[in-house]
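> Contents of input_33.pdb (PDB, C-alpha atoms):
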```
ATOM      1  CA  MET A   1       8.043  -2.515  25.766
ATOM      2  CA  LYS A   2       6.439  -4.072  22.728
ATOM      3  CA  VAL A   3       4.608  -1.790  20.283
ATOM      4  CA  ARG A   4       2.133  -3.379  17.869
ATOM      5  CA  TYR A   5       0.425  -1.992  14.781
ATOM      6  CA  PHE A   6      -2.741  -3.241  13.115
ATOM      7  CA  ALA A   7      -4.593  -3.006   9.784
ATOM      8  CA  TRP A   8      -3.381  -0.168   7.512
ATOM      9  CA  MET A   9      -1.057   1.161  10.221
ATOM     10  CA  LYS A  10       0.981  -2.064  10.088
ATOM     11  CA  ARG A  11       1.526  -1.554   6.348
ATOM     12  CA  THR A  12       2.328   2.124   6.670
ATOM     13  CA  VAL A  13       4.831   1.581   9.479
ATOM     14  CA  GLY A  14       6.163  -1.489   7.673
ATOM     15  CA  LEU A  15       6.239  -3.638  10.821
ATOM     16  CA  PRO A  16       3.633  -5.640  12.738
ATOM     17  CA  GLU A  17       5.469  -5.058  16.014
ATOM     18  CA  GLU A  18       8.731  -3.850  17.472
ATOM     19  CA  GLU A  19      10.528  -3.797  20.796
ATOM     20  CA  VAL A  20      11.293  -0.233  21.933
ATOM     21  CA  ALA A  21      12.928   1.427  24.932
ATOM     22  CA  PRO A  22      11.704   5.026  25.073
ATOM     23  CA  PRO A  23      13.488   7.522  27.341
ATOM     24  CA  ALA A  24      12.177   8.288  30.828
ATOM     25  CA  ASP A  25      10.409  11.502  29.762
ATOM     26  CA  VAL A  26       8.018   9.438  27.614
ATOM     27  CA  THR A  27       5.354   8.859  30.259
ATOM     28  CA  THR A  28       2.018   8.743  28.368
ATOM     29  CA  VAL A  29       0.589   7.152  25.218
ATOM     30  CA  GLY A  30       0.675  10.604  23.625
ATOM     31  CA  ASP A  31       4.382  11.019  24.494
ATOM     32  CA  LEU A  32       5.083   7.620  22.954
ATOM     33  CA  ILE A  33       3.292   8.595  19.729
ATOM     34  CA  VAL A  34       5.440  11.728  19.381
ATOM     35  CA  TRP A  35       8.609   9.724  20.134
ATOM     36  CA  LEU A  36       7.733   6.923  17.666
ATOM     37  CA  ARG A  37       7.138   9.405  14.824
ATOM     38  CA  ALA A  38      10.883  10.088  14.644
ATOM     39  CA  ARG A  39      11.748   6.412  13.994
ATOM     40  CA  SER A  40      10.900   6.400  10.253
ATOM     41  CA  PRO A  41       8.823   8.210   7.602
ATOM     42  CA  GLY A  42       6.347   5.303   7.831
ATOM     43  CA  HIS A  43       5.972   5.839  11.581
ATOM     44  CA  ALA A  44       5.511   9.576  11.035
ATOM     45  CA  GLU A  45       2.792   8.972   8.443
ATOM     46  CA  ALA A  46       0.899   6.283  10.382
ATOM     47  CA  LEU A  47       1.016   8.190  13.667
ATOM     48  CA  ALA A  48       0.523  11.655  12.135
ATOM     49  CA  GLU A  49      -1.416  14.262  14.050
ATOM     50  CA  GLY A  50      -5.013  14.178  12.805
ATOM     51  CA  ALA A  51      -4.769  10.559  11.559
ATOM     52  CA  ALA A  52      -7.733   8.506  12.784
ATOM     53  CA  PHE A  53      -6.292   5.885  15.115
ATOM     54  CA  GLY A  54      -6.725   4.594  18.629
ATOM     55  CA  ALA A  55      -4.510   2.864  21.157
ATOM     56  CA  ALA A  56      -4.504   0.081  23.713
ATOM     57  CA  VAL A  57      -2.218  -0.393  26.701
ATOM     58  CA  ASP A  58      -1.794  -4.016  27.758
ATOM     59  CA  GLN A  59      -4.742  -4.960  25.555
ATOM     60  CA  ARG A  60      -7.199  -2.415  26.967
ATOM     61  CA  THR A  61      -8.432   0.558  24.969
ATOM     62  CA  ALA A  62      -6.593   3.661  26.180
ATOM     63  CA  THR A  63      -6.843   7.382  25.539
ATOM     64  CA  PHE A  64      -3.643   9.274  24.708
ATOM     65  CA  ASP A  65      -3.342  10.687  28.246
ATOM     66  CA  VAL A  66      -3.038   7.202  29.799
ATOM     67  CA  LYS A  67       0.243   6.638  31.653
ATOM     68  CA  LEU A  68       2.665   3.999  30.373
ATOM     69  CA  ALA A  69       4.112   3.120  33.785
ATOM     70  CA  GLY A  70       4.745  -0.624  33.791
ATOM     71  CA  ALA A  71       3.109  -1.197  30.394
ATOM     72  CA  ARG A  72       4.386  -4.261  28.542
ATOM     73  CA  GLU A  73       2.457  -3.866  25.291
ATOM     74  CA  VAL A  74       1.101  -0.786  23.533
ATOM     75  CA  ALA A  75      -0.940  -1.140  20.340
ATOM     76  CA  PHE A  76      -2.034   1.362  17.702
ATOM     77  CA  PHE A  77      -4.914   0.691  15.308
ATOM     78  CA  PRO A  78      -7.551   2.316  13.091
ATOM     79  CA  PRO A  79     -11.213   2.489  14.245
ATOM     80  CA  PHE A  80     -12.769  -0.973  14.623
ATOM     81  CA  THR A  81     -14.857  -2.349  11.743
ATOM     82  CA  GLY A  82     -15.920  -5.821  12.884
ATOM     83  CA  GLY A  83     -19.333  -7.445  13.092
TER      84      GLY A  83
ATOM     85  CA  MET B  84     -21.492 -16.755  28.829
ATOM     86  CA  THR B  85     -19.359 -17.878  25.957
ATOM     87  CA  VAL B  86     -17.034 -16.019  23.587
ATOM     88  CA  CYS B  87     -15.351 -17.772  20.695
ATOM     89  CA  VAL B  88     -12.950 -16.137  18.205
ATOM     90  CA  GLN B  89     -12.139 -18.579  15.435
ATOM     91  CA  GLU B  90     -11.087 -18.887  11.808
ATOM     92  CA  ALA B  91     -13.485 -21.738  11.004
ATOM     93  CA  ASP B  92     -17.133 -21.377  10.036
ATOM     94  CA  PHE B  93     -19.788 -22.242  12.610
ATOM     95  CA  ASP B  94     -22.982 -24.290  12.498
ATOM     96  CA  VAL B  95     -25.774 -22.002  13.732
ATOM     97  CA  GLY B  96     -28.141 -24.855  14.607
ATOM     98  CA  ALA B  97     -25.513 -26.779  16.551
ATOM     99  CA  GLU B  98     -24.365 -23.639  18.407
ATOM    100  CA  LEU B  99     -27.936 -22.748  19.444
ATOM    101  CA  ALA B 100     -28.709 -26.298  20.508
ATOM    102  CA  ARG B 101     -25.592 -26.354  22.690
ATOM    103  CA  LEU B 102     -26.427 -22.934  24.166
ATOM    104  CA  THR B 103     -29.928 -23.859  25.304
ATOM    105  CA  ASP B 104     -29.396 -27.538  26.067
ATOM    106  CA  GLY B 105     -30.566 -28.333  29.574
ATOM    107  CA  ASN B 106     -31.689 -24.783  30.447
ATOM    108  CA  LYS B 107     -35.479 -24.793  30.694
ATOM    109  CA  ARG B 108     -35.672 -21.241  32.081
ATOM    110  CA  ILE B 109     -35.047 -19.834  28.612
ATOM    111  CA  GLY B 110     -38.305 -18.735  26.996
ATOM    112  CA  GLY B 111     -36.864 -16.731  24.133
ATOM    113  CA  LEU B 112     -33.685 -16.916  22.115
ATOM    114  CA  ALA B 113     -32.742 -13.905  19.949
ATOM    115  CA  VAL B 114     -30.145 -14.582  17.273
ATOM    116  CA  PHE B 115     -28.119 -12.364  14.939
ATOM    117  CA  VAL B 116     -25.977 -13.761  12.131
ATOM    118  CA  GLY B 117     -23.706 -11.340  10.215
ATOM    119  CA  LEU B 118     -22.739 -12.282   6.652
ATOM    120  CA  VAL B 119     -20.215 -10.983   4.118
ATOM    121  CA  ARG B 120     -22.299  -8.790   1.835
ATOM    122  CA  GLU B 121     -21.496  -8.802  -1.879
ATOM    123  CA  MET B 122     -22.184  -5.105  -2.420
ATOM    124  CA  HIS B 123     -20.689  -2.524  -0.142
ATOM    125  CA  VAL B 124     -22.199   0.937  -0.112
ATOM    126  CA  ARG B 125     -19.475   3.560   0.152
ATOM    127  CA  GLU B 126     -19.919   7.301   0.650
ATOM    128  CA  GLY B 127     -23.649   7.301   0.095
ATOM    129  CA  TYR B 128     -24.021   6.263  -3.522
ATOM    130  CA  HIS B 129     -20.690   5.058  -4.896
ATOM    131  CA  ARG B 130     -20.648   1.249  -4.822
ATOM    132  CA  ASP B 131     -17.842  -1.282  -4.997
ATOM    133  CA  LYS B 132     -18.361  -4.969  -5.552
ATOM    134  CA  VAL B 133     -16.888  -6.964  -2.703
ATOM    135  CA  ASP B 134     -15.714 -10.454  -3.651
ATOM    136  CA  ALA B 135     -14.214 -11.339  -0.301
ATOM    137  CA  LEU B 136     -12.746  -9.801   2.813
ATOM    138  CA  THR B 137     -10.071 -10.565   5.325
ATOM    139  CA  LEU B 138     -10.850  -9.846   8.924
ATOM    140  CA  GLU B 139      -7.821  -8.993  11.033
ATOM    141  CA  HIS B 140      -8.038  -8.939  14.811
ATOM    142  CA  TYR B 141      -5.934  -8.444  17.922
ATOM    143  CA  PRO B 142      -5.575 -11.888  19.532
ATOM    144  CA  GLY B 143      -5.896 -11.566  23.283
ATOM    145  CA  MET B 144      -7.523  -8.150  23.315
ATOM    146  CA  THR B 145     -10.371  -9.363  21.088
ATOM    147  CA  GLU B 146     -11.421 -12.051  23.536
ATOM    148  CA  LYS B 147     -11.177  -9.661  26.504
ATOM    149  CA  ALA B 148     -13.214  -6.965  24.733
ATOM    150  CA  LEU B 149     -15.956  -9.425  23.752
ATOM    151  CA  GLU B 150     -16.067 -10.882  27.276
ATOM    152  CA  GLU B 151     -16.478  -7.387  28.741
ATOM    153  CA  ILE B 152     -19.309  -6.556  26.339
ATOM    154  CA  GLU B 153     -20.990  -9.854  27.143
ATOM    155  CA  ALA B 154     -20.625  -9.219  30.898
ATOM    156  CA  GLU B 155     -22.168  -5.756  30.446
ATOM    157  CA  ALA B 156     -25.198  -7.282  28.669
ATOM    158  CA  ASN B 157     -25.601  -9.697  31.573
ATOM    159  CA  ARG B 158     -25.506  -6.791  34.053
ATOM    160  CA  ARG B 159     -28.180  -4.869  32.143
ATOM    161  CA  TRP B 160     -30.677  -7.630  31.331
ATOM    162  CA  PRO B 161     -31.840 -10.818  33.082
ATOM    163  CA  LEU B 162     -30.203 -13.305  30.712
ATOM    164  CA  GLU B 163     -29.891 -17.062  30.946
ATOM    165  CA  ALA B 164     -27.432 -17.616  28.105
ATOM    166  CA  THR B 165     -25.208 -15.534  25.838
ATOM    167  CA  LEU B 166     -22.959 -16.562  22.972
ATOM    168  CA  ILE B 167     -20.669 -14.557  20.680
ATOM    169  CA  VAL B 168     -18.837 -16.407  17.895
ATOM    170  CA  HIS B 169     -16.717 -14.122  15.707
ATOM    171  CA  ARG B 170     -14.586 -15.315  12.793
ATOM    172  CA  TYR B 171     -11.348 -13.861  11.476
ATOM    173  CA  GLY B 172      -9.344 -14.532   8.322
ATOM    174  CA  ARG B 173     -10.499 -14.586   4.701
ATOM    175  CA  MET B 174     -14.204 -14.963   3.912
ATOM    176  CA  GLU B 175     -16.044 -14.806   0.617
ATOM    177  CA  ALA B 176     -19.319 -13.014  -0.047
ATOM    178  CA  GLY B 177     -22.198 -14.943   1.486
ATOM    179  CA  GLU B 178     -20.125 -16.499   4.280
ATOM    180  CA  ARG B 179     -21.056 -16.113   7.933
ATOM    181  CA  ILE B 180     -18.853 -13.730   9.983
ATOM    182  CA  VAL B 181     -20.491 -13.439  13.384
ATOM    183  CA  LEU B 182     -23.117 -15.134  15.527
ATOM    184  CA  VAL B 183     -24.694 -13.457  18.546
ATOM    185  CA  ALA B 184     -27.320 -15.382  20.509
ATOM    186  CA  VAL B 185     -29.099 -14.354  23.699
ATOM    187  CA  GLY B 186     -31.480 -16.475  25.761
ATOM    188  CA  SER B 187     -33.766 -15.014  28.408
ATOM    189  CA  PRO B 188     -36.988 -16.015  30.161
ATOM    190  CA  HIS B 189     -38.756 -13.302  28.124
ATOM    191  CA  ARG B 190     -38.316 -12.086  24.567
ATOM    192  CA  GLU B 191     -37.952  -8.338  25.285
ATOM    193  CA  ALA B 192     -34.676  -8.775  27.156
ATOM    194  CA  ALA B 193     -33.403 -11.244  24.554
ATOM    195  CA  PHE B 194     -34.122  -8.898  21.620
ATOM    196  CA  GLU B 195     -32.679  -5.830  23.353
ATOM    197  CA  ALA B 196     -29.543  -7.531  24.648
ATOM    198  CA  CYS B 197     -28.867  -9.104  21.241
ATOM    199  CA  GLU B 198     -29.071  -5.705  19.541
ATOM    200  CA  PHE B 199     -26.866  -4.177  22.242
ATOM    201  CA  LEU B 200     -24.206  -6.873  21.801
ATOM    202  CA  VAL B 201     -24.085  -6.426  18.020
ATOM    203  CA  ASP B 202     -23.934  -2.620  18.286
ATOM    204  CA  TRP B 203     -21.140  -2.689  20.868
ATOM    205  CA  LEU B 204     -19.022  -5.410  19.313
ATOM    206  CA  LYS B 205     -18.916  -3.419  16.061
ATOM    207  CA  THR B 206     -17.390  -0.394  17.793
ATOM    208  CA  LYS B 207     -15.558  -1.866  20.826
ATOM    209  CA  ALA B 208     -13.956  -5.121  19.644
ATOM    210  CA  PRO B 209     -10.633  -4.914  17.739
ATOM    211  CA  PHE B 210     -11.528  -6.228  14.282
ATOM    212  CA  TRP B 211     -10.634  -4.640  10.941
ATOM    213  CA  LYS B 212     -12.077  -5.515   7.553
ATOM    214  CA  LEU B 213      -9.926  -5.524   4.416
ATOM    215  CA  GLU B 214     -12.167  -5.841   1.361
ATOM    216  CA  GLU B 215     -11.145  -7.356  -1.989
ATOM    217  CA  THR B 216     -12.755  -5.429  -4.849
ATOM    218  CA  PRO B 217     -12.038  -5.381  -8.617
ATOM    219  CA  ALA B 218     -10.202  -2.071  -7.958
ATOM    220  CA  GLY B 219      -7.913  -3.680  -5.367
ATOM    221  CA  GLU B 220      -7.812  -4.090  -1.591
ATOM    222  CA  LYS B 221      -9.494  -1.476   0.583
ATOM    223  CA  TRP B 222      -9.580  -1.109   4.350
ATOM    224  CA  VAL B 223     -13.134  -0.466   5.480
ATOM    225  CA  GLY B 224     -13.558   2.882   7.221
ATOM    226  CA  ALA B 225     -15.513   3.298  10.433
ATOM    227  CA  HIS B 226     -19.203   3.850   9.807
ATOM    228  CA  GLU B 227     -20.825   6.824  11.537
ATOM    229  CA  GLY B 228     -24.100   4.942  11.761
ATOM    230  CA  ASP B 229     -22.352   2.249  13.830
ATOM    231  CA  ASP B 230     -21.081   4.850  16.301
ATOM    232  CA  ALA B 231     -24.585   6.295  16.638
ATOM    233  CA  ALA B 232     -26.054   2.816  17.135
ATOM    234  CA  ALA B 233     -23.484   2.052  19.840
ATOM    235  CA  ALA B 234     -23.923   5.449  21.525
ATOM    236  CA  ARG B 235     -27.647   4.960  22.174
ATOM    237  CA  TRP B 236     -26.734   2.222  24.682
ATOM    238  CA  GLU B 237     -24.345   4.434  26.661
ATOM    239  CA  LYS B 238     -27.168   5.288  29.082
ATOM    240  CA  LYS B 239     -28.530   2.310  30.882
ATOM    241  CA  PRO B 240     -32.149   1.414  29.985
TER     242      PRO B 240
END
```
Show this structure as structure tokens.

Amino acid sequence: MKVRYFAWMKRTVGLPEEEVAPPADVTTVGDLIVWLRARSPGHAEALAEGAAFGAAVDQRTATFDVKLAGAREVAFFPPFTGG
Amino acid sequence: MTVCVQEADFDVGAELARLTDGNKRIGGLAVFVGLVREMHVREGYHRDKVDALTLEHYPGMTEKALEEIEAEANRRWPLEATLIVHRYGRMEAGERIVLVAVGSPHREAAFEACEFLVDWLKTKAPFWKLEETPAGEKWVGAHEGDDAAAARWEKKP
């Protein structure tokens, strides 16, 4: 699946997006966050516990308990500040 | 119902004319235009001068989120026309960022739905502001007041 990062998270991770293949026991957004943290210090910092960020699965806002089954694109981003 | 996410500036008069053209059931048109403000109030009293900002967004999700918000406004109020134009990219102080326009037979629905759309797009559409200040670039943090403004519409009127 494709993982995308936005705003300051993109800079902290050091990538706008990446293609990943998590193991089968990664079933939720929360599982994916924990798994991604091990990829680099930037990932660990951006996705740290307590950091203020949200997620979307296939371009819909998702809480961390949402299942990844069949997801093609998961995004992580800070709180929205448009308007 | 129209949503437009674009880098270019928009002409408010032309957009409103196009929105209402040929629809004689509209009796009131409420309009909000958001601009890049030169001074940004941060943490109560500390102020930074903002020269310009860059608005990042999530192409694809942005359009879907705005369309859902617009559809929700149309479910809640009897509206004849709705328009959201939101820019992205770099904008200098004084430039227009967003246009929200709502046409209804009566003004109450138009005013309320316009305020609802602005409150919800600030907290539910994937945009992020990066400000340019003399001290360097700063990502804008979420504003608690915006969350409170959005939350008051959680219960249907």
> Leaving out segment 204-207 of chain B and any residue of its chain fewer than 2 positions from it, which residues lie within 8 Å of it when counting all atoms listed in the file, given as a list of chain:residue names?
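With the cut-off at 8 Å, the set is A:Pro79, A:Phe80, A:Thr81, A:Gly82, A:Gly83, B:Ala148, B:Leu149, B:Ile152, B:Leu200, B:Val201, B:Asp202, B:Pro209, B:Asp229, B:Asp230, B:Ala233.
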> Mind listing whatever residues come within 8 Å of the point (4.4, 2.9, 14.4)? Use only C-alpha atoms, file coordinates, and give them as a CSV table (one decimal) with C-alpha atoms, in the coordinates of the input.

```csv
chain,number,residue,atom,x,y,z
A,3,VAL,CA,4.6,-1.8,20.3
A,4,ARG,CA,2.1,-3.4,17.9
A,5,TYR,CA,0.4,-2.0,14.8
A,9,MET,CA,-1.1,1.2,10.2
A,10,LYS,CA,1.0,-2.1,10.1
A,13,VAL,CA,4.8,1.6,9.5
A,15,LEU,CA,6.2,-3.6,10.8
A,33,ILE,CA,3.3,8.6,19.7
A,36,LEU,CA,7.7,6.9,17.7
A,37,ARG,CA,7.1,9.4,14.8
A,42,GLY,CA,6.3,5.3,7.8
A,43,HIS,CA,6.0,5.8,11.6
A,44,ALA,CA,5.5,9.6,11.0
A,46,ALA,CA,0.9,6.3,10.4
A,47,LEU,CA,1.0,8.2,13.7
A,76,PHE,CA,-2.0,1.4,17.7
```
> Kindly resolve the PyMOL selection byres ((chain B) within 8 of (chain A)) on the present coordinates and return the residues as an MDAnalysis selection string.
chainID B and resid 117 138:141 143:144 148 169 180:181 201 204:213 222:226
> Between atom CA of Arg159 of chain B and atom CA of Ala100 of chain B, what is the distance, to one decimal in Å?
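Interatomic distance here is 24.4 Å.
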> Neighbourhood query: residues within 10 Å of (2.1, -0.7, 30.8), file coordinates, counting all atoms listed in the file; return as a list in words.
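I get Met1, Lys2, Thr28, Val29, Ala56, Val57, Asp58, Gln59, Val66, Lys67, Leu68, Ala69, Gly70, Ala71, Arg72, Glu73 and Val74 of chain A for the residues within 10 Å of that point.
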> Can you tell me how far atom CA of Gly105 of chain B sits from atom CA of Met84 of chain B, in Å to one decimal?
14.7 Å
> Provide the atom CA of Ala154 of chain B to atom CA of Glu227 of chain B distance in Å, to one decimal place.
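Rounded to one decimal, the two atoms are 25.1 Å apart.
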> Draw an axis-aligned box over all listed atoms of segment 2-16 of chain A, pad each side with 5 Å, and write its centre and edge lengths in Å, one decimal, as lines of an AutoDock Vina configuration file.

```
center_x = 0.9
center_y = -1.8
center_z = 14.5
size_x = 21.0
size_y = 17.8
size_z = 26.4
```
> Here is a test: counting all atoms listed in the file, which residue of B:Glu146, B:Arg190, B:Lys132, B:Thr137 is nearest to Trp160 of chain B?
B:Arg190
> Looking at all atoms listed in the file, which of B:Pro142, B:Gly186, B:Gly228, B:Gly177 is the one that sits closest to Pro161 of chain B?
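That would be B:Gly186, the residue with the smallest distance to Pro161 of chain B.
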